[in-house]
$ cat input_29.cif   # mmCIF, C-alpha atoms
data_input
loop_
_atom_site.label_atom_id
_atom_site.label_comp_id
_atom_site.auth_asym_id
_atom_site.auth_seq_id
_atom_site.Cartn_x
_atom_site.Cartn_y
_atom_site.Cartn_z
CA MET J 1 2.23 -13.59 7.98
CA ARG J 2 5.45 -11.69 7.49
CA ASN J 3 3.48 -8.53 6.74
CA LEU J 4 1.51 -8.78 10.00
CA GLU J 5 4.64 -9.57 11.98
CA LEU J 6 6.39 -6.44 10.76
CA ARG J 7 4.45 -4.63 13.48
CA ALA J 8 2.98 -7.19 15.92
CA ARG J 9 4.09 -10.34 17.68
CA LEU J 10 2.24 -13.56 16.99
CA SER J 11 2.72 -16.87 18.77
CA PRO J 12 3.22 -20.13 16.86
CA GLU J 13 -0.40 -20.98 17.73
CA ASP J 14 -1.57 -17.65 16.29
CA ARG J 15 0.35 -18.30 13.09
CA ASP J 16 -1.09 -21.80 12.78
CA ALA J 17 -4.61 -20.46 13.28
CA ILE J 18 -4.16 -17.86 10.55
CA LEU J 19 -2.71 -20.36 8.10
CA ALA J 20 -5.52 -22.81 8.88
CA LEU J 21 -8.17 -20.38 7.60
CA PRO J 22 -10.01 -21.78 4.55
CA TYR J 23 -9.09 -19.75 1.49
CA THR J 24 -9.35 -19.69 -2.29
CA VAL J 25 -6.53 -18.52 -4.56
CA ARG J 26 -7.43 -16.61 -7.70
CA THR J 27 -5.36 -14.97 -10.40
CA LEU J 28 -6.62 -11.50 -11.28
CA ASN J 29 -5.70 -9.42 -14.29
CA HIS J 30 -4.75 -5.75 -14.37
CA LEU J 31 -7.73 -3.55 -13.37
CA ALA J 32 -9.76 -6.46 -11.95
CA TYR J 33 -11.69 -5.51 -8.82
CA THR J 34 -11.36 -7.21 -5.45
CA VAL J 35 -14.14 -5.02 -4.06
CA ARG J 36 -16.34 -2.33 -5.62
CA GLU J 37 -17.68 0.78 -3.96
CA GLY J 38 -21.27 0.20 -2.83
CA ASP J 39 -20.96 -3.58 -2.58
CA PRO J 40 -21.38 -5.46 0.72
CA PRO J 41 -17.95 -6.98 1.53
CA ARG J 42 -18.15 -10.73 2.09
CA GLU J 43 -14.50 -11.70 1.68
CA CYS J 44 -11.08 -10.46 2.69
CA ALA J 45 -8.47 -10.70 -0.05
CA VAL J 46 -4.77 -11.07 0.71
CA LEU J 47 -2.43 -10.01 -2.07
CA LEU J 48 -0.01 -12.89 -2.74
CA SER J 49 1.70 -11.40 -5.77
CA GLY J 50 1.39 -8.29 -7.88
CA PHE J 51 0.20 -4.84 -6.78
CA ALA J 52 -3.20 -3.27 -6.09
CA TYR J 53 -4.60 0.15 -5.30
CA ARG J 54 -7.56 1.78 -3.55
CA GLN J 55 -9.46 4.43 -5.42
CA LYS J 56 -12.35 6.87 -5.23
CA ILE J 57 -14.16 8.25 -8.28
CA THR J 58 -15.73 11.70 -8.49
CA GLY J 59 -19.20 12.26 -9.91
CA ASP J 60 -17.73 13.26 -13.28
CA GLY J 61 -15.48 10.17 -13.45
CA ALA J 62 -12.12 11.52 -12.28
CA ARG J 63 -10.08 8.96 -10.35
CA GLN J 64 -8.03 9.51 -7.21
CA ILE J 65 -5.77 6.66 -6.12
CA ILE J 66 -5.71 6.79 -2.33
CA ALA J 67 -3.42 3.86 -1.44
CA LEU J 68 -1.01 1.39 -2.98
CA HIS J 69 -0.77 -2.21 -1.83
CA LEU J 70 2.18 -4.57 -2.04
CA PRO J 71 2.37 -8.38 -1.85
CA GLY J 72 1.40 -9.57 1.61
CA ASP J 73 -1.13 -6.80 2.20
CA ALA J 74 -4.65 -7.68 3.27
CA LEU J 75 -6.87 -5.59 1.03
CA ASP J 76 -10.07 -5.60 3.07
CA PHE J 77 -9.26 -5.11 6.75
CA GLN J 78 -10.91 -1.69 6.42
CA ASN J 79 -14.15 -3.45 5.45
CA LEU J 80 -13.93 -6.17 8.09
CA TYR J 81 -16.79 -4.76 10.19
CA LEU J 82 -18.55 -2.42 7.73
CA LYS J 83 -21.76 -3.28 5.90
CA VAL J 84 -20.84 -1.64 2.61
CA SER J 85 -17.59 -0.69 0.92
CA ASP J 86 -17.15 3.09 0.48
CA HIS J 87 -14.32 2.71 -2.04
CA SER J 88 -13.00 0.30 -4.66
CA VAL J 89 -9.87 -1.85 -4.75
CA GLN J 90 -8.41 -2.81 -8.12
CA MET J 91 -5.37 -4.69 -9.32
CA LEU J 92 -2.55 -2.45 -10.46
CA THR J 93 -0.84 -5.43 -12.10
CA ARG J 94 -1.74 -9.04 -12.77
CA GLY J 95 -1.39 -11.02 -9.56
CA ASP J 96 -2.70 -13.68 -7.21
CA VAL J 97 -5.00 -13.12 -4.24
CA ALA J 98 -6.12 -15.49 -1.51
CA THR J 99 -9.69 -14.77 -0.40
CA VAL J 100 -10.95 -15.63 3.08
CA GLN J 101 -14.58 -15.39 4.10
CA ARG J 102 -15.09 -12.31 6.25
CA ALA J 103 -17.03 -14.22 8.91
CA GLU J 104 -14.13 -16.67 9.33
CA LEU J 105 -11.68 -13.83 9.86
CA GLN J 106 -14.00 -12.06 12.31
CA GLU J 107 -14.29 -15.26 14.35
CA LEU J 108 -10.52 -15.72 14.39
CA ALA J 109 -9.91 -12.12 15.52
CA GLN J 110 -12.34 -12.64 18.40
CA ALA J 111 -11.03 -16.07 19.39
CA ARG J 112 -7.33 -15.09 19.29
CA PRO J 113 -6.82 -11.58 20.72
CA ALA J 114 -3.24 -11.30 19.43
CA VAL J 115 -4.52 -11.79 15.88
CA GLY J 116 -7.18 -9.12 16.45
CA HIS J 117 -4.46 -6.85 17.84
CA ALA J 118 -2.31 -7.41 14.72
CA ILE J 119 -5.26 -6.62 12.44
CA LEU J 120 -5.99 -3.45 14.41
CA ILE J 121 -2.38 -2.29 14.17
CA LYS J 122 -2.33 -2.96 10.42
CA THR J 123 -5.53 -0.94 9.96
CA LEU J 124 -4.18 1.93 12.08
CA VAL J 125 -0.99 2.01 10.00
CA GLU J 126 -3.08 2.27 6.84
CA ALA J 127 -4.85 5.26 8.42
CA SER J 128 -1.45 6.80 9.22
CA ILE J 129 -0.40 6.41 5.58
CA PHE J 130 -3.69 8.00 4.45
CA ARG J 131 -2.92 11.05 6.60
CA GLU J 132 0.51 11.42 5.04
CA TRP J 133 -0.96 11.12 1.55
CA VAL J 134 -3.49 13.88 2.31
CA LEU J 135 -0.61 16.11 3.41
CA ASN J 136 1.44 15.12 0.37
CA VAL J 137 -1.26 15.90 -2.19
CA GLY J 138 -2.62 18.90 -0.36
CA ARG J 139 0.52 20.80 0.64
CA ARG J 140 3.65 19.63 -1.17
CA LYS J 141 4.72 20.86 -4.59
CA ALA J 142 4.93 18.44 -7.51
CA ARG J 143 8.69 17.77 -7.16
CA GLU J 144 8.46 17.00 -3.45
CA ARG J 145 5.18 15.12 -3.91
CA MET J 146 6.69 12.77 -6.47
CA ALA J 147 9.89 12.26 -4.48
CA HIS J 148 7.86 11.43 -1.37
CA VAL J 149 5.84 8.67 -3.03
CA LEU J 150 8.99 7.17 -4.56
CA CYS J 151 10.68 7.20 -1.14
CA GLU J 152 7.67 5.58 0.51
CA LEU J 153 7.52 2.76 -2.01
CA GLY J 154 11.27 2.22 -1.63
CA SER J 155 10.96 1.95 2.15
CA ARG J 156 7.97 -0.37 2.04
CA MET J 157 9.49 -2.62 -0.60
CA ASP J 158 12.77 -2.75 1.29
CA ALA J 159 10.92 -3.88 4.43
CA LEU J 160 9.45 -6.76 2.40
CA GLY J 161 12.74 -7.66 0.72
CA MET J 162 11.55 -6.40 -2.67
CA ALA J 163 14.19 -3.69 -3.12
CA ASP J 164 17.99 -3.77 -3.21
CA GLU J 165 20.91 -1.39 -3.69
CA HIS J 166 19.81 -0.98 -7.30
CA GLY J 167 16.35 0.29 -6.33
CA TYR J 168 13.05 -1.33 -7.30
CA GLU J 169 10.62 -1.85 -10.14
CA LEU J 170 7.93 0.84 -10.15
CA PRO J 171 4.72 -0.93 -11.23
CA MET J 172 2.87 2.25 -12.27
CA THR J 173 2.25 4.09 -15.50
CA GLN J 174 2.58 7.86 -15.60
CA GLU J 175 -1.22 8.09 -15.78
CA GLU J 176 -1.52 6.05 -12.58
CA LEU J 177 1.12 8.21 -10.91
CA ALA J 178 -0.86 11.26 -12.00
CA ASP J 179 -4.01 9.92 -10.35
CA THR J 180 -2.00 9.17 -7.20
CA LEU J 181 -0.42 12.61 -6.98
CA GLY J 182 -3.24 14.82 -8.23
CA LEU J 183 -1.21 15.88 -11.28
CA THR J 184 -1.61 15.51 -15.03
CA PRO J 185 0.38 12.82 -16.88
CA VAL J 186 2.32 15.61 -18.64
CA HIS J 187 3.25 17.14 -15.29
CA VAL J 188 4.31 13.70 -13.98
CA ASN J 189 6.57 13.19 -16.98
CA ARG J 190 8.13 16.61 -16.50
CA THR J 191 8.65 16.04 -12.78
CA LEU J 192 10.32 12.65 -13.27
CA LYS J 193 12.68 14.20 -15.80
CA LEU J 194 13.47 17.00 -13.34
CA LEU J 195 14.32 14.55 -10.54
CA GLU J 196 16.51 12.62 -12.95
CA ALA J 197 18.28 15.77 -14.18
CA GLU J 198 18.99 16.74 -10.56
CA GLY J 199 20.60 13.36 -9.93
CA LEU J 200 17.97 12.39 -7.37
CA ILE J 201 16.79 9.31 -9.27
CA THR J 202 17.94 7.17 -12.15
CA ARG J 203 15.49 5.35 -14.41
CA ASN J 204 15.78 2.33 -16.67
CA ARG J 205 12.35 1.60 -18.07
CA ARG J 206 10.35 1.04 -14.86
CA SER J 207 13.36 0.57 -12.62
CA ILE J 208 13.91 3.40 -10.11
CA ALA J 209 17.16 3.88 -8.18
CA PHE J 210 18.37 6.56 -5.79
CA PRO J 211 22.00 7.65 -6.20
CA ASP J 212 21.82 9.60 -2.92
CA TRP J 213 19.09 8.30 -0.62
CA GLU J 214 19.58 10.92 2.07
CA LYS J 215 19.40 13.74 -0.47
CA ILE J 216 16.10 12.63 -1.99
CA ARG J 217 14.67 12.04 1.51
CA GLU J 218 15.49 15.66 2.30
CA VAL J 219 13.93 16.93 -0.91
CA ALA J 220 10.82 14.82 -0.31
CA ASP J 221 10.46 15.86 3.34
CA PHE J 222 10.30 12.11 3.92
CA ASN J 223 10.31 10.68 7.43
CA ASP J 224 9.28 7.04 7.59
CA ARG J 225 7.79 7.44 11.08
CA TYR J 226 4.28 7.26 9.63
CA LEU J 227 4.97 3.79 8.19
CA HIS J 228 5.49 2.40 11.71
CA LEU J 229 7.89 -0.27 10.49
CA ASP J 230 9.29 -0.86 13.97
CA MET J 231 7.91 -3.72 16.04
CA GLN J 232 4.99 -2.63 18.19
CA VAL J 233 4.48 -3.34 21.90
CA PRO J 234 3.03 -6.85 22.41
CA ALA J 235 -0.70 -7.10 22.92
CA PRO J 236 -1.59 -7.07 26.65
CA PHE J 237 -3.49 -10.37 26.64
#
$ encode --input "input_29.cif" --output "structure tokens"
Amino acid sequence: MRNLELRARLSPEDRDAILALPYTVRTLNHLAYTVREGDPPRECAVLLSGFAYRQKITGDGARQIIALHLPGDALDFQNLYLKVSDHSVQMLTRGDVATVQRAELQELAQARPAVGHAILIKTLVEASIFREWVLNVGRRKARERMAHVLCELGSRMDALGMADEHGYELPMTQEELADTLGLTPVHVNRTLKLLEAEGLITRNRRSIAFPDWEKIREVADFNDRYLHLDMQVPAPF
């Protein structure tokens, strides 16, 4: 609910209707799928804890991670009205998901326009983030590319109360970062060390902190406009 209300207003009745949806909670291990490419989507999974990612696989088996998902994210809004999934979603870490039948969610979105509006905004924001990731991988150099993803995760976690003045826990291996950034694991390791040597980040195991937030934002060419974290205009219903 908090995730949806980052960008859309919901009435108490809307909230009650969402929370009244029948759901099943499951614990999934690292690398477990919530949806596989080519499968017909029948459920919508909401990430309650842990992290997940979207991915596409090339014909020769190379993986490209195309989105990262944090607790509170609905993982299947993009499949809400499609007959087949064109990508896969896997768990980045062990975590819990609540699954809702797709038909139930479709009926709710039609019966309560403000809920449908919130789902639409959430899906449009995901498209906005995709566009920024295409730009990041396609046009920025490795140093800026890495800094940008670290800044994005910091901003998104902060909006959810998952970051503090000491930074945040980065739930990704260097191999997973490599598949996110279109780099090799060796290049990722070298780039992280460079950012650390420049004083742009500090690392303690998987903990990432930013000694000078404005400086790393400048290096990353990071403007959080594309995250649309400000409250949107209310639905005209």
$ axis_aligned_box --input "input_29.cif" --around "range 166-172 of chain J" --padding-each-side "4 Å" --output "JSON"
{"center_x": 11.3, "center_y": 0.2, "center_z": -9.3, "size_x": 24.9, "size_y": 12.1, "size_z": 13.9}
$ atom_distance --input "input_29.cif" --atom1 "CA of Arg131 in chain J" --atom2 "CA of Leu177 in chain J"
18.2 Å
$ resolve_selection --input "input_29.cif" --expression "the PyMOL selection byres ((chain J and resi 110-126) around 8)" --output "PyMOL selection string"
chain J and resi 4-5+7-10+14+77-78+106-109+127-130+226-228+235+237
$ closest_residue --input "input_29.cif" --among "J:Asn3, J:Asn223, J:Ser49, J:Ser207" --to "Glu152 in chain J" --atoms "all atoms listed in the file"
J:Asn223
$ resolve_selection --input "input_29.cif" --expression "the PyMOL selection byres ((chain J and resi 199-203) around 12)" --output "PyMOL selection string"
chain J and resi 143-144+146-148+150-151+154+166-170+191-198+204-220
$ write_last_selection --input "input_29.cif" --atoms "C-alpha atoms" --output "PDB file, keeping the file's coordinate frame"
ATOM      1  CA  ARG J 143       8.690  17.770  -7.160  1.00  0.00           C
ATOM      2  CA  GLU J 144       8.460  17.000  -3.450  1.00  0.00           C
ATOM      3  CA  MET J 146       6.690  12.770  -6.470  1.00  0.00           C
ATOM      4  CA  ALA J 147       9.890  12.260  -4.480  1.00  0.00           C
ATOM      5  CA  HIS J 148       7.860  11.430  -1.370  1.00  0.00           C
ATOM      6  CA  LEU J 150       8.990   7.170  -4.560  1.00  0.00           C
ATOM      7  CA  CYS J 151      10.680   7.200  -1.140  1.00  0.00           C
ATOM      8  CA  GLY J 154      11.270   2.220  -1.630  1.00  0.00           C
ATOM      9  CA  HIS J 166      19.810  -0.980  -7.300  1.00  0.00           C
ATOM     10  CA  GLY J 167      16.350   0.290  -6.330  1.00  0.00           C
ATOM     11  CA  TYR J 168      13.050  -1.330  -7.300  1.00  0.00           C
ATOM     12  CA  GLU J 169      10.620  -1.850 -10.140  1.00  0.00           C
ATOM     13  CA  LEU J 170       7.930   0.840 -10.150  1.00  0.00           C
ATOM     14  CA  THR J 191       8.650  16.040 -12.780  1.00  0.00           C
ATOM     15  CA  LEU J 192      10.320  12.650 -13.270  1.00  0.00           C
ATOM     16  CA  LYS J 193      12.680  14.200 -15.800  1.00  0.00           C
ATOM     17  CA  LEU J 194      13.470  17.000 -13.340  1.00  0.00           C
ATOM     18  CA  LEU J 195      14.320  14.550 -10.540  1.00  0.00           C
ATOM     19  CA  GLU J 196      16.510  12.620 -12.950  1.00  0.00           C
ATOM     20  CA  ALA J 197      18.280  15.770 -14.180  1.00  0.00           C
ATOM     21  CA  GLU J 198      18.990  16.740 -10.560  1.00  0.00           C
ATOM     22  CA  ASN J 204      15.780   2.330 -16.670  1.00  0.00           C
ATOM     23  CA  ARG J 205      12.350   1.600 -18.070  1.00  0.00           C
ATOM     24  CA  ARG J 206      10.350   1.040 -14.860  1.00  0.00           C
ATOM     25  CA  SER J 207      13.360   0.570 -12.620  1.00  0.00           C
ATOM     26  CA  ILE J 208      13.910   3.400 -10.110  1.00  0.00           C
ATOM     27  CA  ALA J 209      17.160   3.880  -8.180  1.00  0.00           C
ATOM     28  CA  PHE J 210      18.370   6.560  -5.790  1.00  0.00           C
ATOM     29  CA  PRO J 211      22.000   7.650  -6.200  1.00  0.00           C
ATOM     30  CA  ASP J 212      21.820   9.600  -2.920  1.00  0.00           C
ATOM     31  CA  TRP J 213      19.090   8.300  -0.620  1.00  0.00           C
ATOM     32  CA  GLU J 214      19.580  10.920   2.070  1.00  0.00           C
ATOM     33  CA  LYS J 215      19.400  13.740  -0.470  1.00  0.00           C
ATOM     34  CA  ILE J 216      16.100  12.630  -1.990  1.00  0.00           C
ATOM     35  CA  ARG J 217      14.670  12.040   1.510  1.00  0.00           C
ATOM     36  CA  GLU J 218      15.490  15.660   2.300  1.00  0.00           C
ATOM     37  CA  VAL J 219      13.930  16.930  -0.910  1.00  0.00           C
ATOM     38  CA  ALA J 220      10.820  14.820  -0.310  1.00  0.00           C
TER      39      ALA J 220
END
$ residues_around --input "input_29.cif" --residues "Gly95 in chain J" --least-positions-apart "6" --cutoff "10 Å" --atoms "all atoms listed in the file" --output "ChimeraX atom specification"
/J:26-30,32,47-52,71
$ closest_residue --input "input_29.cif" --among "J:Glu37, J:Asp73, J:Glu175, J:Glu165" --to "Val89 in chain J" --atoms "all atoms listed in the file"
J:Glu37
$ resolve_selection --input "input_29.cif" --expression "the PyMOL selection byres ((chain J and resi 178) around 10)" --output "number ranges by chain"
J: 63-65, 146, 172-177, 179-189
$ closest_residue --input "input_29.cif" --among "J:Leu68, J:Ala62, J:Ala45, J:Met1" --to "Arg156 in chain J" --atoms "only C-alpha atoms"
J:Leu68
$ atom_distance --input "input_29.cif" --atom1 "CA of Lys141 in chain J" --atom2 "CA of Leu153 in chain J"
18.5 Å
$ atom_distance --input "input_29.cif" --atom1 "CA of Val100 in chain J" --atom2 "CA of Tyr33 in chain J"
15.6 Å
$ build_atoms --input "input_29.cif" --residues "range 78-89 of chain J" --atoms "all heavy atoms" --output "PDB file, in the frame of the given file"
ATOM      1  N   GLN J  78     -10.102  -2.884   6.185  1.00  0.00           N
ATOM      2  CA  GLN J  78     -10.910  -1.690   6.420  1.00  0.00           C
ATOM      3  C   GLN J  78     -12.406  -1.973   6.284  1.00  0.00           C
ATOM      4  O   GLN J  78     -13.236  -1.200   6.764  1.00  0.00           O
ATOM      5  CB  GLN J  78     -10.488  -0.579   5.473  1.00  0.00           C
ATOM      6  CG  GLN J  78      -9.084  -0.068   5.747  1.00  0.00           C
ATOM      7  CD  GLN J  78      -8.650   0.966   4.739  1.00  0.00           C
ATOM      8  OE1 GLN J  78      -9.434   1.795   4.319  1.00  0.00           O
ATOM      9  NE2 GLN J  78      -7.375   0.929   4.370  1.00  0.00           N
ATOM     10  N   ASN J  79     -12.747  -3.069   5.613  1.00  0.00           N
ATOM     11  CA  ASN J  79     -14.150  -3.450   5.450  1.00  0.00           C
ATOM     12  C   ASN J  79     -14.558  -4.596   6.360  1.00  0.00           C
ATOM     13  O   ASN J  79     -15.656  -5.144   6.218  1.00  0.00           O
ATOM     14  CB  ASN J  79     -14.410  -3.866   3.992  1.00  0.00           C
ATOM     15  CG  ASN J  79     -14.406  -2.683   3.047  1.00  0.00           C
ATOM     16  OD1 ASN J  79     -14.867  -1.599   3.400  1.00  0.00           O
ATOM     17  ND2 ASN J  79     -13.891  -2.880   1.847  1.00  0.00           N
ATOM     18  N   LEU J  80     -13.694  -4.958   7.309  1.00  0.00           N
ATOM     19  CA  LEU J  80     -13.930  -6.170   8.090  1.00  0.00           C
ATOM     20  C   LEU J  80     -15.220  -6.104   8.899  1.00  0.00           C
ATOM     21  O   LEU J  80     -15.883  -7.119   9.112  1.00  0.00           O
ATOM     22  CB  LEU J  80     -12.727  -6.434   9.006  1.00  0.00           C
ATOM     23  CG  LEU J  80     -12.682  -7.785   9.718  1.00  0.00           C
ATOM     24  CD1 LEU J  80     -12.788  -8.942   8.729  1.00  0.00           C
ATOM     25  CD2 LEU J  80     -11.413  -7.907  10.553  1.00  0.00           C
ATOM     26  N   TYR J  81     -15.596  -4.883   9.363  1.00  0.00           N
ATOM     27  CA  TYR J  81     -16.790  -4.760  10.190  1.00  0.00           C
ATOM     28  C   TYR J  81     -17.790  -3.739   9.623  1.00  0.00           C
ATOM     29  O   TYR J  81     -18.693  -3.299  10.336  1.00  0.00           O
ATOM     30  CB  TYR J  81     -16.407  -4.371  11.620  1.00  0.00           C
ATOM     31  CG  TYR J  81     -15.636  -5.464  12.328  1.00  0.00           C
ATOM     32  CD1 TYR J  81     -14.252  -5.391  12.440  1.00  0.00           C
ATOM     33  CD2 TYR J  81     -16.282  -6.576  12.854  1.00  0.00           C
ATOM     34  CE1 TYR J  81     -13.536  -6.395  13.077  1.00  0.00           C
ATOM     35  CE2 TYR J  81     -15.577  -7.592  13.492  1.00  0.00           C
ATOM     36  CZ  TYR J  81     -14.209  -7.489  13.602  1.00  0.00           C
ATOM     37  OH  TYR J  81     -13.504  -8.490  14.227  1.00  0.00           O
ATOM     38  N   LEU J  82     -17.637  -3.371   8.362  1.00  0.00           N
ATOM     39  CA  LEU J  82     -18.550  -2.420   7.730  1.00  0.00           C
ATOM     40  C   LEU J  82     -19.534  -3.168   6.830  1.00  0.00           C
ATOM     41  O   LEU J  82     -19.193  -4.197   6.233  1.00  0.00           O
ATOM     42  CB  LEU J  82     -17.768  -1.383   6.924  1.00  0.00           C
ATOM     43  CG  LEU J  82     -16.781  -0.514   7.726  1.00  0.00           C
ATOM     44  CD1 LEU J  82     -16.038   0.433   6.801  1.00  0.00           C
ATOM     45  CD2 LEU J  82     -17.511   0.264   8.815  1.00  0.00           C
ATOM     46  N   LYS J  83     -20.723  -2.607   6.669  1.00  0.00           N
ATOM     47  CA  LYS J  83     -21.760  -3.280   5.900  1.00  0.00           C
ATOM     48  C   LYS J  83     -21.625  -3.057   4.400  1.00  0.00           C
ATOM     49  O   LYS J  83     -22.138  -3.839   3.604  1.00  0.00           O
ATOM     50  CB  LYS J  83     -23.149  -2.821   6.370  1.00  0.00           C
ATOM     51  CG  LYS J  83     -23.507  -3.282   7.781  1.00  0.00           C
ATOM     52  CD  LYS J  83     -24.915  -2.849   8.161  1.00  0.00           C
ATOM     53  CE  LYS J  83     -25.285  -3.349   9.548  1.00  0.00           C
ATOM     54  NZ  LYS J  83     -26.656  -2.930   9.938  1.00  0.00           N
ATOM     55  N   VAL J  84     -20.971  -1.958   4.027  1.00  0.00           N
ATOM     56  CA  VAL J  84     -20.840  -1.640   2.610  1.00  0.00           C
ATOM     57  C   VAL J  84     -19.479  -1.007   2.375  1.00  0.00           C
ATOM     58  O   VAL J  84     -18.968  -0.280   3.236  1.00  0.00           O
ATOM     59  CB  VAL J  84     -21.981  -0.702   2.148  1.00  0.00           C
ATOM     60  CG1 VAL J  84     -21.901   0.640   2.846  1.00  0.00           C
ATOM     61  CG2 VAL J  84     -21.976  -0.526   0.642  1.00  0.00           C
ATOM     62  N   SER J  85     -18.884  -1.279   1.246  1.00  0.00           N
ATOM     63  CA  SER J  85     -17.590  -0.690   0.920  1.00  0.00           C
ATOM     64  C   SER J  85     -17.784   0.728   0.390  1.00  0.00           C
ATOM     65  O   SER J  85     -18.622   0.950  -0.491  1.00  0.00           O
ATOM     66  CB  SER J  85     -16.863  -1.530  -0.126  1.00  0.00           C
ATOM     67  OG  SER J  85     -15.615  -0.938  -0.461  1.00  0.00           O
ATOM     68  N   ASP J  86     -17.026   1.688   0.926  1.00  0.00           N
ATOM     69  CA  ASP J  86     -17.150   3.090   0.480  1.00  0.00           C
ATOM     70  C   ASP J  86     -16.100   3.460  -0.549  1.00  0.00           C
ATOM     71  O   ASP J  86     -15.941   4.623  -0.904  1.00  0.00           O
ATOM     72  CB  ASP J  86     -17.048   4.032   1.684  1.00  0.00           C
ATOM     73  CG  ASP J  86     -15.781   3.795   2.492  1.00  0.00           C
ATOM     74  OD1 ASP J  86     -14.678   3.915   1.942  1.00  0.00           O
ATOM     75  OD2 ASP J  86     -15.901   3.462   3.689  1.00  0.00           O
ATOM     76  N   HIS J  87     -15.341   2.469  -1.029  1.00  0.00           N
ATOM     77  CA  HIS J  87     -14.320   2.710  -2.040  1.00  0.00           C
ATOM     78  C   HIS J  87     -14.095   1.411  -2.809  1.00  0.00           C
ATOM     79  O   HIS J  87     -14.635   0.365  -2.437  1.00  0.00           O
ATOM     80  CB  HIS J  87     -13.008   3.177  -1.391  1.00  0.00           C
ATOM     81  CG  HIS J  87     -12.405   2.138  -0.489  1.00  0.00           C
ATOM     82  ND1 HIS J  87     -12.846   1.916   0.789  1.00  0.00           N
ATOM     83  CD2 HIS J  87     -11.417   1.243  -0.706  1.00  0.00           C
ATOM     84  CE1 HIS J  87     -12.147   0.935   1.342  1.00  0.00           C
ATOM     85  NE2 HIS J  87     -11.279   0.503   0.448  1.00  0.00           N
ATOM     86  N   SER J  88     -13.310   1.482  -3.856  1.00  0.00           N
ATOM     87  CA  SER J  88     -13.000   0.300  -4.660  1.00  0.00           C
ATOM     88  C   SER J  88     -11.532  -0.064  -4.526  1.00  0.00           C
ATOM     89  O   SER J  88     -10.688   0.800  -4.288  1.00  0.00           O
ATOM     90  CB  SER J  88     -13.326   0.546  -6.135  1.00  0.00           C
ATOM     91  OG  SER J  88     -14.697   0.819  -6.329  1.00  0.00           O
ATOM     92  N   VAL J  89     -11.243  -1.358  -4.689  1.00  0.00           N
ATOM     93  CA  VAL J  89      -9.870  -1.850  -4.750  1.00  0.00           C
ATOM     94  C   VAL J  89      -9.702  -2.591  -6.068  1.00  0.00           C
ATOM     95  O   VAL J  89     -10.500  -3.483  -6.390  1.00  0.00           O
ATOM     96  CB  VAL J  89      -9.535  -2.787  -3.571  1.00  0.00           C
ATOM     97  CG1 VAL J  89      -8.099  -3.279  -3.682  1.00  0.00           C
ATOM     98  CG2 VAL J  89      -9.762  -2.089  -2.235  1.00  0.00           C
TER      99      VAL J  89
END
